[in-house]
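run11.cif follows; it contains mmCIF, C-alpha atoms and all ligand atoms.
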data_data
#
loop_
_atom_site.label_atom_id
_atom_site.label_comp_id
_atom_site.auth_asym_id
_atom_site.auth_seq_id
_atom_site.Cartn_x
_atom_site.Cartn_y
_atom_site.Cartn_z
CA MET A 1 77.39 3.11 41.89
CA ILE A 2 76.99 2.62 45.64
CA VAL A 3 78.45 -0.46 47.28
CA GLU A 4 77.55 -1.66 50.75
CA ASN A 5 78.59 -4.88 52.51
CA GLY A 6 80.08 -6.23 49.30
CA LYS A 7 76.92 -5.71 47.26
CA ILE A 8 75.83 -3.17 44.65
CA ILE A 9 72.93 -1.27 46.20
CA HIS A 10 72.51 1.65 43.80
CA ILE A 11 73.43 2.50 40.20
CA GLY A 12 72.77 5.85 38.54
CA THR A 13 73.96 9.40 37.97
CA ASN A 14 72.22 11.21 40.83
CA LEU A 15 73.65 9.32 43.77
CA PRO A 16 73.33 10.46 47.39
CA GLU A 17 76.47 11.40 49.39
CA TYR A 18 78.27 8.44 50.82
CA ASP A 19 81.09 7.79 53.36
CA GLU A 20 83.84 6.95 50.92
CA LYS A 21 83.98 8.11 47.34
CA ILE A 22 86.23 6.84 44.56
CA ASP A 23 86.32 8.95 41.38
CA LEU A 24 87.26 6.78 38.39
CA ASN A 25 87.56 9.81 36.06
CA GLY A 26 85.28 8.45 33.39
CA LYS A 27 87.02 5.09 33.09
CA LEU A 28 85.03 2.09 32.02
CA VAL A 29 83.54 -0.14 34.72
CA MET A 30 82.92 -3.65 33.44
CA ALA A 31 81.59 -6.91 34.76
CA ARG A 32 84.56 -9.10 35.72
CA TYR A 33 85.98 -11.50 33.17
CA VAL A 34 85.22 -15.18 33.55
CA ASP A 35 87.39 -17.95 32.12
CA PRO A 36 84.97 -20.88 32.10
CA HIS A 37 87.35 -23.53 30.75
CA LEU A 38 91.03 -23.76 31.68
CA HIS A 39 93.25 -26.75 32.49
CA LEU A 40 95.09 -25.35 35.52
CA ASP A 41 96.95 -28.62 36.18
CA TYR A 42 98.50 -28.32 32.70
CA VAL A 43 99.55 -24.66 32.59
CA TYR A 44 103.26 -24.06 31.95
CA THR A 45 103.99 -27.81 32.03
CA LEU A 46 105.34 -27.62 28.49
CA SER A 47 108.24 -25.30 29.32
CA GLU A 48 108.74 -26.17 32.97
CA LEU A 49 108.69 -29.95 32.79
CA GLU A 50 111.04 -29.86 29.81
CA GLN A 51 109.10 -32.40 27.78
CA ASP A 52 108.05 -32.19 24.16
CA GLY A 53 104.53 -31.22 23.22
CA ALA A 54 102.51 -32.50 20.27
CA VAL A 55 104.61 -32.11 17.15
CA SER A 56 101.68 -32.78 14.82
CA GLY A 57 99.46 -30.30 16.66
CA ILE A 58 96.77 -33.00 16.71
CA LEU A 59 94.72 -33.26 19.90
CA PHE A 60 95.06 -37.03 20.20
CA GLU A 61 98.86 -36.86 20.06
CA ALA A 62 98.87 -34.45 23.01
CA ILE A 63 96.52 -36.72 25.00
CA GLU A 64 98.91 -39.64 24.40
CA LEU A 65 101.87 -37.54 25.59
CA TRP A 66 100.23 -36.32 28.78
CA PRO A 67 100.78 -39.45 30.97
CA LYS A 68 104.55 -38.86 30.66
CA PHE A 69 104.10 -35.35 32.08
CA LYS A 70 101.59 -36.56 34.66
CA LYS A 71 104.02 -39.08 36.15
CA THR A 72 106.30 -36.27 37.31
CA LEU A 73 103.67 -34.11 39.02
CA THR A 74 103.62 -33.46 42.76
CA VAL A 75 101.07 -31.49 44.76
CA GLU A 76 103.70 -28.76 45.13
CA SER A 77 104.58 -28.62 41.43
CA VAL A 78 100.92 -28.44 40.40
CA LYS A 79 100.30 -25.64 42.89
CA ARG A 80 103.37 -23.69 41.77
CA LEU A 81 102.52 -23.80 38.07
CA ALA A 82 98.78 -23.35 38.54
CA LEU A 83 99.50 -20.24 40.60
CA LYS A 84 101.42 -18.78 37.67
CA GLY A 85 98.41 -19.37 35.44
CA ILE A 86 96.00 -17.94 38.00
CA LYS A 87 98.18 -14.83 38.36
CA ASP A 88 98.20 -14.38 34.58
CA GLU A 89 94.43 -14.43 34.56
CA VAL A 90 93.61 -12.52 37.74
CA SER A 91 96.08 -9.73 36.90
CA GLN A 92 94.13 -9.25 33.67
CA GLY A 93 90.68 -9.04 35.23
CA VAL A 94 89.52 -12.65 35.54
CA GLN A 95 87.72 -13.34 38.82
CA HIS A 96 86.07 -16.69 38.07
CA ILE A 97 87.78 -19.76 36.63
CA ARG A 98 86.26 -23.16 35.89
CA THR A 99 89.14 -25.60 35.69
CA HIS A 100 89.15 -29.15 34.33
CA ILE A 101 91.42 -31.25 36.53
CA ASP A 102 92.61 -34.63 35.30
CA VAL A 103 91.37 -37.33 37.69
CA THR A 104 92.61 -40.36 35.74
CA ASP A 105 95.24 -40.65 38.45
CA PRO A 106 94.56 -42.97 41.38
CA LYS A 107 96.67 -40.67 43.60
CA PHE A 108 94.59 -37.58 42.69
CA THR A 109 97.73 -35.42 42.82
CA ALA A 110 96.33 -32.55 40.76
CA LEU A 111 92.91 -32.69 42.39
CA LYS A 112 94.40 -32.48 45.88
CA ALA A 113 96.48 -29.49 44.81
CA MET A 114 93.52 -27.73 43.28
CA LEU A 115 91.17 -28.35 46.20
CA GLU A 116 93.76 -26.70 48.45
CA MET A 117 94.21 -23.76 46.09
CA LYS A 118 90.49 -23.21 45.71
CA GLU A 119 90.25 -22.70 49.45
CA GLU A 120 93.49 -20.71 49.83
CA LEU A 121 92.60 -18.27 47.04
CA LYS A 122 88.89 -17.91 47.67
CA ASP A 123 89.10 -14.21 48.49
CA THR A 124 90.87 -13.47 45.21
CA VAL A 125 89.33 -15.76 42.63
CA ASP A 126 86.40 -18.11 42.51
CA ILE A 127 87.45 -21.55 41.25
CA GLN A 128 85.09 -24.32 40.10
CA ILE A 129 86.70 -27.74 39.73
CA VAL A 130 85.63 -30.24 37.06
CA ALA A 131 86.43 -33.93 37.69
CA PHE A 132 87.84 -34.52 34.21
CA PRO A 133 88.92 -38.01 33.10
CA GLN A 134 91.53 -36.94 30.52
CA GLU A 135 92.42 -40.53 29.63
CA GLY A 136 88.80 -41.62 29.47
CA MET A 137 86.23 -43.30 31.70
CA TYR A 138 86.69 -46.58 29.80
CA MET A 139 89.85 -46.01 27.76
CA TYR A 140 91.50 -45.74 31.20
CA LYS A 141 90.78 -48.72 33.42
CA GLY A 142 88.61 -47.59 36.32
CA GLY A 143 88.29 -44.05 34.96
CA ARG A 144 84.57 -43.79 35.69
CA ASP A 145 85.07 -44.75 39.35
CA LEU A 146 87.88 -42.20 39.70
CA VAL A 147 85.46 -39.50 38.54
CA GLU A 148 82.97 -40.62 41.19
CA GLU A 149 85.67 -40.58 43.88
CA ALA A 150 86.74 -37.07 42.79
CA LEU A 151 83.16 -35.85 43.21
CA LYS A 152 83.11 -37.27 46.72
CA MET A 153 86.41 -35.49 47.43
CA GLY A 154 84.86 -32.14 46.54
CA ALA A 155 84.96 -31.56 42.77
CA ASP A 156 82.06 -29.30 41.74
CA VAL A 157 81.39 -30.49 38.21
CA VAL A 158 81.25 -33.85 36.38
CA GLY A 159 83.48 -34.01 33.31
CA GLY A 160 83.96 -36.48 30.48
CA ILE A 161 85.57 -37.07 27.12
CA PRO A 162 83.30 -39.41 25.11
CA HIS A 163 85.09 -38.88 21.76
CA TYR A 164 88.25 -40.35 23.31
CA GLU A 165 86.62 -43.58 24.47
CA PRO A 166 87.68 -46.65 22.44
CA ALA A 167 84.35 -47.16 20.64
CA ARG A 168 81.15 -45.23 20.09
CA GLU A 169 79.30 -47.50 22.49
CA PHE A 170 81.70 -46.66 25.32
CA GLY A 171 81.51 -42.97 24.53
CA GLU A 172 77.73 -43.25 24.86
CA LYS A 173 78.07 -45.25 28.06
CA SER A 174 80.28 -42.48 29.47
CA VAL A 175 77.63 -39.86 28.64
CA HIS A 176 75.04 -41.91 30.58
CA ASP A 177 77.50 -42.17 33.48
CA ILE A 178 78.14 -38.43 33.49
CA VAL A 179 74.46 -37.56 33.77
CA GLU A 180 73.80 -40.27 36.38
CA LEU A 181 76.72 -39.08 38.52
CA ALA A 182 75.59 -35.46 38.29
CA LEU A 183 72.10 -36.39 39.42
CA LYS A 184 73.38 -38.67 42.20
CA TYR A 185 75.76 -36.07 43.69
CA ASP A 186 73.86 -32.91 42.70
CA LYS A 187 76.74 -31.56 40.58
CA LEU A 188 77.00 -29.45 37.45
CA ILE A 189 78.08 -31.05 34.15
CA ASP A 190 80.79 -29.89 31.73
CA VAL A 191 81.85 -32.38 29.07
CA HIS A 192 84.70 -32.21 26.56
CA CYS A 193 82.28 -33.19 23.85
CA ASP A 194 83.10 -34.01 20.23
CA GLU A 195 86.45 -32.22 20.20
CA THR A 196 87.17 -33.58 16.74
CA ASP A 197 86.48 -32.69 13.12
CA ASP A 198 84.70 -36.02 12.63
CA PRO A 199 81.12 -35.09 11.68
CA HIS A 200 79.99 -38.52 12.93
CA SER A 201 81.08 -37.75 16.47
CA ARG A 202 77.63 -37.08 17.90
CA PHE A 203 77.90 -37.41 21.66
CA LEU A 204 76.49 -33.90 21.95
CA GLU A 205 73.18 -35.20 20.59
CA LEU A 206 73.01 -37.83 23.36
CA LEU A 207 74.19 -35.52 26.15
CA ASN A 208 71.65 -32.91 25.16
CA ALA A 209 68.81 -35.43 24.87
CA HIS A 210 69.63 -36.83 28.29
CA VAL A 211 69.74 -33.49 30.10
CA PHE A 212 66.65 -32.33 28.20
CA MET A 213 64.69 -35.30 29.54
CA GLU A 214 66.07 -34.81 33.06
CA ASP A 215 65.40 -31.05 32.91
CA TYR A 216 69.09 -30.54 33.67
CA GLY A 217 70.18 -28.51 30.63
CA SER A 218 70.73 -25.22 32.44
CA ARG A 219 73.22 -27.01 34.73
CA THR A 220 75.04 -28.59 31.77
CA THR A 221 77.77 -27.32 29.46
CA ALA A 222 79.11 -28.90 26.30
CA SER A 223 82.68 -27.74 25.75
CA HIS A 224 84.51 -27.56 22.40
CA THR A 225 81.84 -29.38 20.24
CA CYS A 226 84.12 -28.84 17.21
CA SER A 227 82.49 -31.59 15.17
CA PHE A 228 79.22 -29.65 15.26
CA GLY A 229 81.01 -27.16 13.02
CA SER A 230 81.41 -29.97 10.46
CA ALA A 231 77.86 -31.29 10.76
CA ASP A 232 75.39 -31.20 7.92
CA ASP A 233 73.11 -28.14 8.06
CA SER A 234 69.81 -30.02 8.16
CA TYR A 235 71.06 -32.05 11.13
CA ALA A 236 72.57 -29.00 12.83
CA PHE A 237 69.43 -26.88 12.65
CA ARG A 238 67.27 -29.74 13.96
CA MET A 239 69.71 -30.17 16.85
CA MET A 240 69.72 -26.45 17.61
CA ASP A 241 65.95 -26.61 18.11
CA ILE A 242 66.50 -29.19 20.85
CA PHE A 243 69.49 -27.32 22.38
CA LYS A 244 67.19 -24.38 22.78
CA LYS A 245 64.59 -26.49 24.49
CA SER A 246 67.07 -28.13 26.88
CA LYS A 247 68.81 -24.78 27.71
CA ILE A 248 72.23 -26.46 27.49
CA HIS A 249 75.25 -24.10 27.46
CA PHE A 250 78.19 -24.14 25.05
CA ILE A 251 81.82 -23.19 25.57
CA SER A 252 84.03 -22.57 22.58
CA CYS A 253 87.82 -22.25 22.90
CA PRO A 254 88.55 -20.34 19.69
CA THR A 255 92.35 -20.01 19.81
CA GLU A 256 92.89 -23.55 21.07
CA ASN A 257 90.66 -25.28 18.57
CA ALA A 258 91.76 -23.12 15.66
CA TYR A 259 95.22 -24.43 16.51
CA LEU A 260 94.30 -28.09 17.13
CA GLN A 261 91.60 -28.85 14.58
CA GLY A 262 91.70 -29.08 10.80
CA ARG A 263 95.12 -30.71 11.11
CA GLN A 264 94.27 -33.61 8.86
CA ASP A 265 92.64 -31.39 6.28
CA THR A 266 94.82 -30.20 3.45
CA TYR A 267 92.66 -27.50 1.85
CA PRO A 268 90.09 -26.17 2.52
CA LYS A 269 91.06 -26.35 6.20
CA ARG A 270 88.41 -26.26 8.88
CA ARG A 271 88.60 -23.66 11.64
CA GLY A 272 87.75 -26.02 14.50
CA LEU A 273 84.99 -23.80 15.78
CA THR A 274 81.53 -24.86 16.82
CA ARG A 275 78.55 -22.88 15.44
CA VAL A 276 79.02 -19.84 17.65
CA LYS A 277 77.33 -17.39 15.31
CA GLU A 278 74.29 -19.62 14.80
CA PHE A 279 73.98 -20.34 18.54
CA ILE A 280 73.91 -16.61 19.28
CA ALA A 281 71.35 -16.02 16.54
CA SER A 282 69.19 -18.85 17.92
CA GLY A 283 69.30 -17.65 21.53
CA ILE A 284 71.47 -20.59 22.70
CA ASN A 285 73.98 -19.60 25.38
CA VAL A 286 77.59 -19.73 24.21
CA ALA A 287 80.75 -18.42 25.87
CA PHE A 288 84.46 -18.19 25.00
CA ALA A 289 87.30 -19.71 27.03
CA LYS A 290 91.06 -20.02 27.02
CA ASP A 291 91.59 -23.79 27.55
CA SER A 292 95.41 -23.84 27.67
CA ILE A 293 98.47 -21.88 28.65
CA ASN A 294 101.72 -23.48 27.48
CA ASP A 295 100.92 -27.19 27.71
CA PRO A 296 101.39 -30.24 25.44
CA TRP A 297 98.23 -29.23 23.55
CA TYR A 298 99.02 -25.59 22.92
CA PRO A 299 102.42 -23.95 23.34
CA MET A 300 101.33 -20.30 23.66
CA GLY A 301 98.74 -18.48 25.74
CA ASN A 302 98.44 -16.04 28.60
CA GLY A 303 95.58 -14.91 30.78
CA ASN A 304 94.23 -12.22 28.48
CA MET A 305 90.54 -12.88 27.79
CA MET A 306 90.40 -9.94 25.37
CA ASN A 307 92.79 -11.84 23.14
CA ILE A 308 90.39 -14.80 23.18
CA LEU A 309 87.48 -12.51 22.37
CA ASP A 310 89.40 -10.81 19.57
CA ASN A 311 90.33 -14.12 17.93
CA GLY A 312 86.90 -15.60 18.57
CA ILE A 313 84.90 -12.84 16.94
CA HIS A 314 87.09 -13.13 13.83
CA LEU A 315 86.85 -16.90 13.59
CA ALA A 316 83.11 -16.90 14.25
CA GLN A 317 82.52 -13.89 11.98
CA ILE A 318 80.45 -12.00 14.52
CA MET A 319 81.15 -8.36 13.90
CA SER A 320 77.98 -6.91 12.44
CA PRO A 321 76.80 -3.75 14.25
CA GLU A 322 74.15 -5.82 16.03
CA GLU A 323 76.58 -8.60 17.00
CA ILE A 324 79.24 -6.21 18.31
CA LYS A 325 76.78 -4.93 20.91
CA THR A 326 76.82 -8.28 22.71
CA ASN A 327 80.38 -9.47 22.01
CA PHE A 328 81.64 -8.64 25.51
CA ASP A 329 79.05 -11.07 26.86
CA LEU A 330 81.14 -13.91 25.39
CA ILE A 331 83.80 -13.44 28.10
CA THR A 332 81.51 -12.19 30.88
CA TYR A 333 77.75 -12.75 31.26
CA ASN A 334 77.43 -15.80 29.00
CA ASP A 335 80.26 -17.46 30.91
CA ALA A 336 78.55 -16.69 34.22
CA ARG A 337 75.47 -18.49 32.91
CA CYS A 338 77.57 -21.59 32.12
CA LEU A 339 78.98 -21.52 35.66
CA ASN A 340 75.50 -21.12 37.18
CA ILE A 341 76.66 -18.02 39.08
CA TYR A 342 74.25 -15.62 37.46
CA ASP A 343 72.51 -14.87 40.77
CA ILE A 344 75.67 -13.18 42.15
CA TYR A 345 77.24 -11.95 38.91
CA GLY A 346 76.94 -8.72 36.95
CA LEU A 347 76.62 -4.98 37.24
CA GLU A 348 73.18 -4.91 38.77
CA ILE A 349 71.62 -3.93 42.06
CA GLY A 350 71.79 -6.77 44.55
CA LYS A 351 74.74 -8.52 42.87
CA GLN A 352 78.25 -8.96 44.32
CA ALA A 353 80.23 -5.71 44.03
CA ASN A 354 83.14 -7.28 42.15
CA PHE A 355 83.99 -5.63 38.87
CA ILE A 356 86.92 -4.41 36.81
CA VAL A 357 87.91 -0.92 35.69
CA LEU A 358 89.44 -0.48 32.26
CA ASN A 359 91.65 2.51 31.48
CA GLU A 360 89.97 3.29 28.21
CA ALA A 361 86.47 4.66 27.96
CA LEU A 362 84.26 2.79 25.52
CA CYS A 363 83.24 4.68 22.38
CA LEU A 364 80.08 3.40 20.75
N1 LIG B 1 92.61 -31.93 27.01
C1 LIG B 1 91.76 -32.16 25.99
O1 LIG B 1 91.19 -33.26 25.89
N2 LIG B 1 91.53 -31.17 25.10
C2 LIG B 1 92.13 -30.00 25.20
N3 LIG B 1 91.88 -29.05 24.29
C3 LIG B 1 93.06 -29.76 26.25
C4 LIG B 1 93.25 -30.75 27.14
C5 LIG B 1 93.77 -28.46 26.36
FE FE2 B 2 89.68 -28.45 27.47
#

Conversion result in structure tokens:
Amino acid sequence: MIVENGKIIHIGTNLPEYDEKIDLNGKLVMARYVDPHLHLDYVYTLSELEQDGAVSGILFEAIELWPKFKKTLTVESVKRLALKGIKDEVSQGVQHIRTHIDVTDPKFTALKAMLEMKEELKDTVDIQIVAFPQEGMYMYKGGRDLVEEALKMGADVVGGIPHYEPAREFGEKSVHDIVELALKYDKLIDVHCDETDDPHSRFLELLNAHVFMEDYGSRTTASHTCSFGSADDSYAFRMMDIFKKSKIHFISCPTENAYLQGRQDTYPKRRGLTRVKEFIASGINVAFAKDSINDPWYPMGNGNMMNILDNGIHLAQIMSPEEIKTNFDLITYNDARCLNIYDIYGLEIGKQANFIVLNEALCL
């Protein structure tokens, strides 16, 4: 590979002589890891803020606990803990992070911290910020307007959490708001969508229909979509036809949702995963993400994307010889598509010369 001015200009075996040569001794050069969904304002808050996390392990309990944590945050504390999380990830090969930052806070403490960090760390890691209303656009008074303000302050992506709104109608209203705000401010969309086992939670259907009609699917991601894993097959396959048409992206957080979902099932217990295998088979873009490191939702975690991939391919049952060939894409190329950075990303001529080198050679 020949690199010039930060770009890959040549790939092959018969390369011309060049000024500086680095021999990697047969090690494996890989496209950089991408973590497309991480809550950097939450990382390490569980241990460091000395509060209790969700005892039940149920998502909604953790959301109810969060305001107690949030009250104690300062710009400095968010930056200190987020930096720990970023170091965990960057030291293990992650060079792009999309982070959901809670903006249901009229002081925007976490957002201010993250906007500063994005700028300060821009030579080390690329950070996309989602304006995420953790406590809801309507469940939290004025939540929708706080999202709009966060976009004006510099957030890159519109977030939402329709399944947490107090009634279906308000969840639907929030989906309309999300798309309208994205169009108004020319932002990407990434929604915490149907993060529940309830098969009647169908905000994904509305989000997808909306972005399909606006021709905005390739700039939209639906995160979690756990309930789609509980949906009836005839409904699911009909929906997948329309996902394909809209070009919407999906992000699954396999370790997080395996931990959080299925909690009110006795047996059989659901795995909390969306239909990763079927999305791949249907040509719908799906990527894996971490979601949490040591927060009220999830006590464990580190920045190792290979751990996410390992767990994810087990839970999604994607290990046939054909599937294994594209498994790495779930923490690299597919994630870059969600982030809309495909024009600069990847081991190809003309792309940014950022990549990782693994010690082990790959045996296929
Ligand atoms: N917030 C949320 O709504 N869902 C999650 N899985 C996390 C935060 C980690
Ligand atoms: Fe999340």

Take CA of Leu273 (chain A) and CA of Leu81 (chain A) and report the distance between them in Å, one decimal.
-> 28.4 Å

Residues at most 6 Å from region 35-42 of chain A, counting all atoms listed in the file, excluding those fewer than 5 positions away in the same chain, as a short mmCIF file (atom, residue, chain, number, x, y, z; two decimals) with C-alpha atoms, in the coordinates of the input?
data_model
loop_
_atom_site.label_atom_id
_atom_site.label_comp_id
_atom_site.auth_asym_id
_atom_site.auth_seq_id
_atom_site.Cartn_x
_atom_site.Cartn_y
_atom_site.Cartn_z
CA VAL A 78 100.92 -28.44 40.40
CA ALA A 82 98.78 -23.35 38.54
CA ILE A 97 87.78 -19.76 36.63
CA ARG A 98 86.26 -23.16 35.89
CA THR A 99 89.14 -25.60 35.69
CA HIS A 100 89.15 -29.15 34.33
CA ALA A 289 87.30 -19.71 27.03
CA LYS A 290 91.06 -20.02 27.02
CA ASP A 291 91.59 -23.79 27.55
CA SER A 292 95.41 -23.84 27.67
CA ASP A 295 100.92 -27.19 27.71
CA ASP A 335 80.26 -17.46 30.91
#

Using all atoms listed in the file, what residues lie at most 12 Å away from (78.7, -8.7, 42.2) (file coordinates), given as a PyMOL selection string?
-> chain A and resi 1-9+30-33+95-96+333+336+341-356

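For the choices A:Gly85, A:Pro16, A:Gly142, A:Gly262, the atom-to-atom distance to Val43 (chain A) is smallest for A:Gly85 when using all atoms listed in the file.
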
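With distances restricted to all atoms listed in the file, A:Asn294 is the closest residue to Ser47 (chain A) from A:Asn294, A:Ser320, A:Ser252, A:Gln264.
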
Go ahead and find all residues with at least one atom no further than 9 Å from (89.3, -36.6, 10.8) in the file's coordinates, using all atoms listed in the file; report them as a ChimeraX atom specification.
-> /A:196-199,261-265

Where atoms are lacking, region 52-61 of chain A completed to all heavy atoms, as an mmCIF file, in the coordinates of the input:
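Heads up, here's the output in selection_11.cif:
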data_model
loop_
_atom_site.group_PDB
_atom_site.id
_atom_site.type_symbol
_atom_site.label_atom_id
_atom_site.label_comp_id
_atom_site.auth_asym_id
_atom_site.auth_seq_id
_atom_site.Cartn_x
_atom_site.Cartn_y
_atom_site.Cartn_z
ATOM 1 N N ASP A 52 108.531 -32.672 25.454
ATOM 2 C CA ASP A 52 108.050 -32.190 24.160
ATOM 3 C C ASP A 52 106.541 -32.237 24.075
ATOM 4 O O ASP A 52 105.924 -33.192 24.543
ATOM 5 C CB ASP A 52 108.647 -33.041 23.035
ATOM 6 C CG ASP A 52 110.150 -32.820 22.939
ATOM 7 O OD1 ASP A 52 110.595 -31.690 23.222
ATOM 8 O OD2 ASP A 52 110.871 -33.776 22.594
ATOM 9 N N GLY A 53 105.967 -31.228 23.455
ATOM 10 C CA GLY A 53 104.530 -31.220 23.220
ATOM 11 C C GLY A 53 104.221 -31.912 21.893
ATOM 12 O O GLY A 53 105.091 -32.504 21.258
ATOM 13 N N ALA A 54 102.947 -31.835 21.498
ATOM 14 C CA ALA A 54 102.510 -32.500 20.270
ATOM 15 C C ALA A 54 103.170 -31.859 19.052
ATOM 16 O O ALA A 54 102.980 -30.671 18.790
ATOM 17 C CB ALA A 54 101.000 -32.432 20.167
ATOM 18 N N VAL A 55 103.926 -32.637 18.328
ATOM 19 C CA VAL A 55 104.610 -32.110 17.150
ATOM 20 C C VAL A 55 103.620 -31.907 16.006
ATOM 21 O O VAL A 55 103.668 -30.932 15.272
ATOM 22 C CB VAL A 55 105.733 -33.097 16.709
ATOM 23 C CG1 VAL A 55 106.398 -32.623 15.432
ATOM 24 C CG2 VAL A 55 106.755 -33.238 17.830
ATOM 25 N N SER A 56 102.663 -32.856 15.903
ATOM 26 C CA SER A 56 101.680 -32.780 14.820
ATOM 27 C C SER A 56 100.656 -31.681 15.062
ATOM 28 O O SER A 56 99.986 -31.240 14.148
ATOM 29 C CB SER A 56 100.944 -34.113 14.703
ATOM 30 O OG SER A 56 100.197 -34.340 15.888
ATOM 31 N N GLY A 57 100.519 -31.244 16.324
ATOM 32 C CA GLY A 57 99.460 -30.300 16.660
ATOM 33 C C GLY A 57 98.099 -30.970 16.766
ATOM 34 O O GLY A 57 97.090 -30.303 16.974
ATOM 35 N N ILE A 58 98.056 -32.286 16.646
ATOM 36 C CA ILE A 58 96.770 -33.000 16.710
ATOM 37 C C ILE A 58 96.425 -33.314 18.163
ATOM 38 O O ILE A 58 97.276 -33.777 18.933
ATOM 39 C CB ILE A 58 96.840 -34.294 15.858
ATOM 40 C CG1 ILE A 58 96.989 -33.924 14.368
ATOM 41 C CG2 ILE A 58 95.608 -35.171 16.066
ATOM 42 C CD1 ILE A 58 97.271 -35.096 13.457
ATOM 43 N N LEU A 59 95.190 -33.048 18.532
ATOM 44 C CA LEU A 59 94.720 -33.260 19.900
ATOM 45 C C LEU A 59 95.104 -34.627 20.458
ATOM 46 O O LEU A 59 95.618 -34.748 21.567
ATOM 47 C CB LEU A 59 93.184 -33.106 19.916
ATOM 48 C CG LEU A 59 92.476 -33.574 21.184
ATOM 49 C CD1 LEU A 59 92.542 -32.515 22.255
ATOM 50 C CD2 LEU A 59 91.043 -33.960 20.900
ATOM 51 N N PHE A 60 94.867 -35.671 19.671
ATOM 52 C CA PHE A 60 95.060 -37.030 20.200
ATOM 53 C C PHE A 60 96.538 -37.328 20.475
ATOM 54 O O PHE A 60 96.850 -38.106 21.361
ATOM 55 C CB PHE A 60 94.427 -38.063 19.249
ATOM 56 C CG PHE A 60 92.927 -37.914 19.198
ATOM 57 C CD1 PHE A 60 92.304 -37.299 18.115
ATOM 58 C CD2 PHE A 60 92.139 -38.346 20.249
ATOM 59 C CE1 PHE A 60 90.917 -37.118 18.091
ATOM 60 C CE2 PHE A 60 90.755 -38.184 20.229
ATOM 61 C CZ PHE A 60 90.139 -37.559 19.152
ATOM 62 N N GLU A 61 97.428 -36.677 19.759
ATOM 63 C CA GLU A 61 98.860 -36.860 20.060
ATOM 64 C C GLU A 61 99.174 -36.264 21.436
ATOM 65 O O GLU A 61 99.877 -36.870 22.244
ATOM 66 C CB GLU A 61 99.741 -36.206 18.991
ATOM 67 C CG GLU A 61 101.214 -36.552 19.215
ATOM 68 C CD GLU A 61 102.212 -35.668 18.460
ATOM 69 O OE1 GLU A 61 101.809 -34.936 17.536
ATOM 70 O OE2 GLU A 61 103.393 -35.696 18.838
#
